[in-house]
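A.B. asks: Here it is: the structure, laid out below.
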Amino acid sequence: MTPDLRVSFAGIELKNPVIAASGTFAYGVEFEDVVRLDRLGGFVVKGLSREPMIGNPPPRLYETAAGMLNAIGLQNIGARAFLEEKLPKLRAMKNVVVFANVFGYTREDYEYTVQILNEGEGIAAYELNVSCPNTQHGGIQFGSDPRTLDEVVTTVKRFAARPLIVKLSPNVTSIGQMAYVAQEAGADAISLVNTFIAMSIDIETRKPRIANVSAGLSGPAIKPIAVRMVYEASKSVQIPVIGMGGISTALDVIEFMLAGATAVEVGTASYWDPRATEKIAADVSRWCVEHEVARIEELTGAMQV
Ligand SMILES: Cc1cc2nc3c(=O)[nH]c(=O)nc-3n(C[C@H](O)[C@H](O)[C@H](O)COP(=O)(O)O)c2cc1C
């Protein structure tokens with residue numbers, strides 16, 4: 001039996017549900033010699049902003065028990081350079097689905113960046129990272145306040161020439177409410193979770209392990225919380241949910257799908273093994289054969305209580 005691994009959301013069909021997550025796969029072209037990108041469902045490029053950004057000073061990564069802290073600070077080459085330097089190379093690759101992750105510090109930043117990206121060919125959809133502090137609202141994250149979330153999604157939806165995936169922050173009290181707000185503001189799909197705000201201290205030097213002091217926690221340590229959030233979000237909306245947070249095996253992919261995910265993203269696992277995404281996608285196929293799952297999309301939301 002050859003299982004049918006195709007999944008679709010927002011009018012986009014993927015050959016399998018495994019997508020490489022933003023920030024852990026650069027702009028894709030850098031992984032060309034390591035991972036067969038055409039074996040993945042797709043990949044999300046590093047978060048893009050209207051201008052290039054150098055990010056935070058080091059140290060910005062620290063390994064924790066079953067996880068990783070990062071405060072890269074959204075370093076990127078900028079939307080314009082992405083279109084000119086990276087996208088043509090990606091377009092030359094066959095059967096590769098590219099998602100562009102977008103962030104900003106004001107509503108206008110998002111609007112402007114999406115308008116630049118609209119000019120490029122070969123982007124399947126935008127993934128909106130709403131986990132940045134909104135400088136116009138005193139630094140509160142877009143994604144932690146329902147009103148600012150509604151404003152930014154409504155604005156971007158008006159300008160986006162492509163489907164809009166809203167990537168939710170897990171640093172909220174009610175993920176179901178934020179998922180619903182994103183849907184009502186026009187999101188075509190939601191993805192979650194981004195990293196959890198966390199920190200670590202070197203007790204010998206009494207200094208924070210990360211120069212930025214606080215950082216985002218990712219990796220297997222967050223997986224059970226992420227699964228719960230994907231479950232709650234999927235119960236609150238009708239639009240498709242893309243799940244992530246600590247996925248490192250095919251079994252994790254199946255678990256997120258049972259919780260309600262249509263597709264998944266894999267992030268930190270690529271730091272331990274740069275070929276993790278490709279291996280996980282192959283193992284998902286094997287799992288389906290062994291468990292006689294003919295069509296993987298049947299697993300979405302199929303948890304039995
Ligand atoms: C080093 C690093 C950089 C990241 N950069 C971004 C980013 O630019 N935009 C974004 O939306 N998420 C970013 N993320 C979050 C991941 O895409 C993902 O949501 C999170 O790490 C949880 O998944 P994981 O446990 O599989 O890594 C980053 C994560 C890491 C570890």
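Labels for the structure tokens follow display order: chains A, B, ..., residues from 1 in each chain, ligands from 1.
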Set the distance at 9 Å and use only C-alpha atoms: which residues neighbour Gly41 in chain A once local chain neighbours fewer than 6 positions away are removed? I'd like the list as a ChimeraX atom specification.

C.D. replies: /A:6-7,13-20,96-97,263,281

A.B. asks: Mind writing the picked residues with N, CA and C atoms as an mmCIF file, in the first residue's frame?

C.D. replies:
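Full text of selection01.cif as output:
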data_model
loop_
_atom_site.group_PDB
_atom_site.id
_atom_site.type_symbol
_atom_site.label_atom_id
_atom_site.label_comp_id
_atom_site.auth_asym_id
_atom_site.auth_seq_id
_atom_site.Cartn_x
_atom_site.Cartn_y
_atom_site.Cartn_z
ATOM 1 N N ARG A 6 -1.175 13.379 1.038
ATOM 2 C CA ARG A 6 -1.496 14.774 0.696
ATOM 3 C C ARG A 6 -2.430 15.399 1.722
ATOM 4 N N VAL A 7 -2.156 16.670 2.008
ATOM 5 C CA VAL A 7 -3.064 17.457 2.842
ATOM 6 C C VAL A 7 -3.245 18.799 2.141
ATOM 7 N N GLU A 13 -2.179 22.634 -1.851
ATOM 8 C CA GLU A 13 -2.021 21.198 -1.608
ATOM 9 C C GLU A 13 -0.552 20.879 -1.341
ATOM 10 N N LEU A 14 -0.316 20.107 -0.276
ATOM 11 C CA LEU A 14 1.049 19.680 0.059
ATOM 12 C C LEU A 14 1.154 18.177 -0.156
ATOM 13 N N LYS A 15 2.325 17.717 -0.573
ATOM 14 C CA LYS A 15 2.477 16.278 -0.837
ATOM 15 C C LYS A 15 2.508 15.461 0.456
ATOM 16 N N ASN A 16 2.874 16.097 1.546
ATOM 17 C CA ASN A 16 2.779 15.465 2.863
ATOM 18 C C ASN A 16 2.642 16.577 3.905
ATOM 19 N N PRO A 17 2.292 16.241 5.162
ATOM 20 C CA PRO A 17 1.980 17.316 6.117
ATOM 21 C C PRO A 17 3.190 17.937 6.812
ATOM 22 N N VAL A 18 4.419 17.568 6.443
ATOM 23 C CA VAL A 18 5.600 18.029 7.191
ATOM 24 C C VAL A 18 6.225 19.283 6.548
ATOM 25 N N ILE A 19 6.168 20.384 7.289
ATOM 26 C CA ILE A 19 6.694 21.676 6.815
ATOM 27 C C ILE A 19 7.848 22.070 7.739
ATOM 28 N N ALA A 20 8.935 22.584 7.183
ATOM 29 C CA ALA A 20 10.041 23.093 8.024
ATOM 30 C C ALA A 20 9.644 24.468 8.559
ATOM 31 N N VAL A 96 8.661 22.482 -4.823
ATOM 32 C CA VAL A 96 8.951 22.981 -3.476
ATOM 33 C C VAL A 96 7.940 24.079 -3.131
ATOM 34 N N VAL A 97 7.244 23.890 -2.018
ATOM 35 C CA VAL A 97 6.234 24.872 -1.616
ATOM 36 C C VAL A 97 6.851 25.814 -0.576
ATOM 37 N N ALA A 263 -1.757 20.049 9.128
ATOM 38 C CA ALA A 263 -0.349 19.873 8.775
ATOM 39 C C ALA A 263 0.468 20.268 9.997
ATOM 40 N N ALA A 281 9.313 13.057 7.521
ATOM 41 C CA ALA A 281 8.330 12.885 6.442
ATOM 42 C C ALA A 281 8.345 11.433 5.946
#

A.B. asks: Would you list the residues that come within 7 Å of ligand 1? Count only C-alpha atoms and all ligand atoms and give the answer as a PyMOL selection string.

C.D. replies: chain A and resi 21-24+46-47+68+70+72+74+101+129+167+192-195+218-220+222+244-247+265-269

A.B. asks: Could you name the residues that touch Ala179 in chain A at 7 Å or less, counting only C-alpha atoms, but leaving out those on the same chain fewer than 3 positions away, as a PyMOL selection string?

C.D. replies: chain A and resi 175-176+182-183+233+236-237

A.B. asks: Write out, as a compact mmCIF listing (two decimals), in the first residue's frame, the residues just selected, with C-alpha atoms.

C.D. replies:
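Heads up, here's the output in out12.txt:
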# COMPACT_ATOMS: atom_id res chain seq x y z
CA ILE A 175 -5.56 30.30 22.88
CA GLY A 176 -9.10 29.45 21.74
CA ALA A 182 -7.71 35.51 13.91
CA GLN A 183 -10.39 33.59 12.04
CA ALA A 233 -7.53 26.17 18.99
CA SER A 236 -12.57 27.11 18.47
CA VAL A 237 -12.30 27.64 14.69

A.B. asks: Write out as a PyMOL selection string all residues of range 55-251 of chain A that DSSP puts in strand (DSSP E) for this structure's backbone.

C.D. replies: chain A and resi 61-64+67-70+98-102+125-129+164-167+189-192+196-198+201-202+207-208+215-218+241-244

A.B. asks: Using Å and a single decimal, report how far CA of Ser270 in chain A sits from CA of Thr2 in chain A.

C.D. replies: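 Computing the Euclidean distance for CA of Thr2 in chain A and CA of Ser270 in chain A yields 26.6 Å.
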
A.B. asks: Compile the contact shell of Ala125 in chain A as a ChimeraX atom specification: residues with an atom at most 12 Å away, counting only C-alpha atoms, same-chain residues fewer than 5 positions apart removed.

C.D. replies: /A:9-13,42-45,97-102,114,117-118,120,157,160-166,187-190

A.B. asks: Quick one: everything within 9 Å of Thr64 in chain A, counting only C-alpha atoms, minus sequence neighbours fewer than 6 positions away in the same chain. Send it as a list in words.

C.D. replies: Ser200, Leu217 and Ala221 of chain A

A.B. asks: Skipping near chain neighbours, those fewer than 3 positions away, what residues fall within 8 Å of Asp4 in chain A using only C-alpha atoms, listed as a VMD selection string?

C.D. replies: chain A and resid 294 to 296

A.B. asks: If we count only C-alpha atoms, what is near Ala211 in chain A at a cut-off of 10 Å, once residues fewer than 5 positions away on the same chain are taken out, given as JSON, numbers by chain?

C.D. replies: {"A": [56, 57, 58, 59, 60, 61, 71]}

A.B. asks: In terms of the shortest atom-to-atom distance over only C-alpha atoms, which of A:Ile203, A:Leu251, A:Ala66, A:Leu40 is closest to Asp283 in chain A?

C.D. replies: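 Residue with the minimum atom-to-atom distance to Asp283 in chain A: A:Leu251.
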
A.B. asks: DSSP on the backbone, then: every residue of range 20-207 of chain A marked alpha helix (DSSP H), written as a PyMOL selection string.

C.D. replies: chain A and resi 79-81+87-92+107-118+146-159+175-184

A.B. asks: For Ser214 in chain A, which of A:Tyr62, A:Ser191, A:Glu184, A:Tyr126 is the closest residue, counting only C-alpha atoms?

C.D. replies: A:Tyr62

A.B. asks: So the first atom is CA of Pro240 in chain A and the second is CA of Ala261 in chain A; what is the distance between them in Å, to one decimal place?

C.D. replies: 7.2 Å

A.B. asks: For each of A:Ala198, A:Ser169, A:Ala92, A:Gln304, take the minimum atom-to-atom distance to Val213 in chain A, counting only C-alpha atoms, then give the residue where this is smallest.

C.D. replies: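 Ranking A:Ala198, A:Ser169, A:Ala92, A:Gln304 by distance to Val213 in chain A, first place goes to A:Ala198.
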
A.B. asks: Of the candidates A:Arg91, A:Ile197, A:Ala81, A:Val289, which shows the shortest atom-to-atom distance to Leu37 in chain A, using only C-alpha atoms?

C.D. replies: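 Smallest distance to Leu37 in chain A is found for A:Arg91.
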
A.B. asks: Point out the residue among A:Phe25, A:Phe82, A:Tyr231, A:Trp272 with the least atom-to-atom distance to Met257 in chain A, counting only C-alpha atoms.

C.D. replies: A:Tyr231
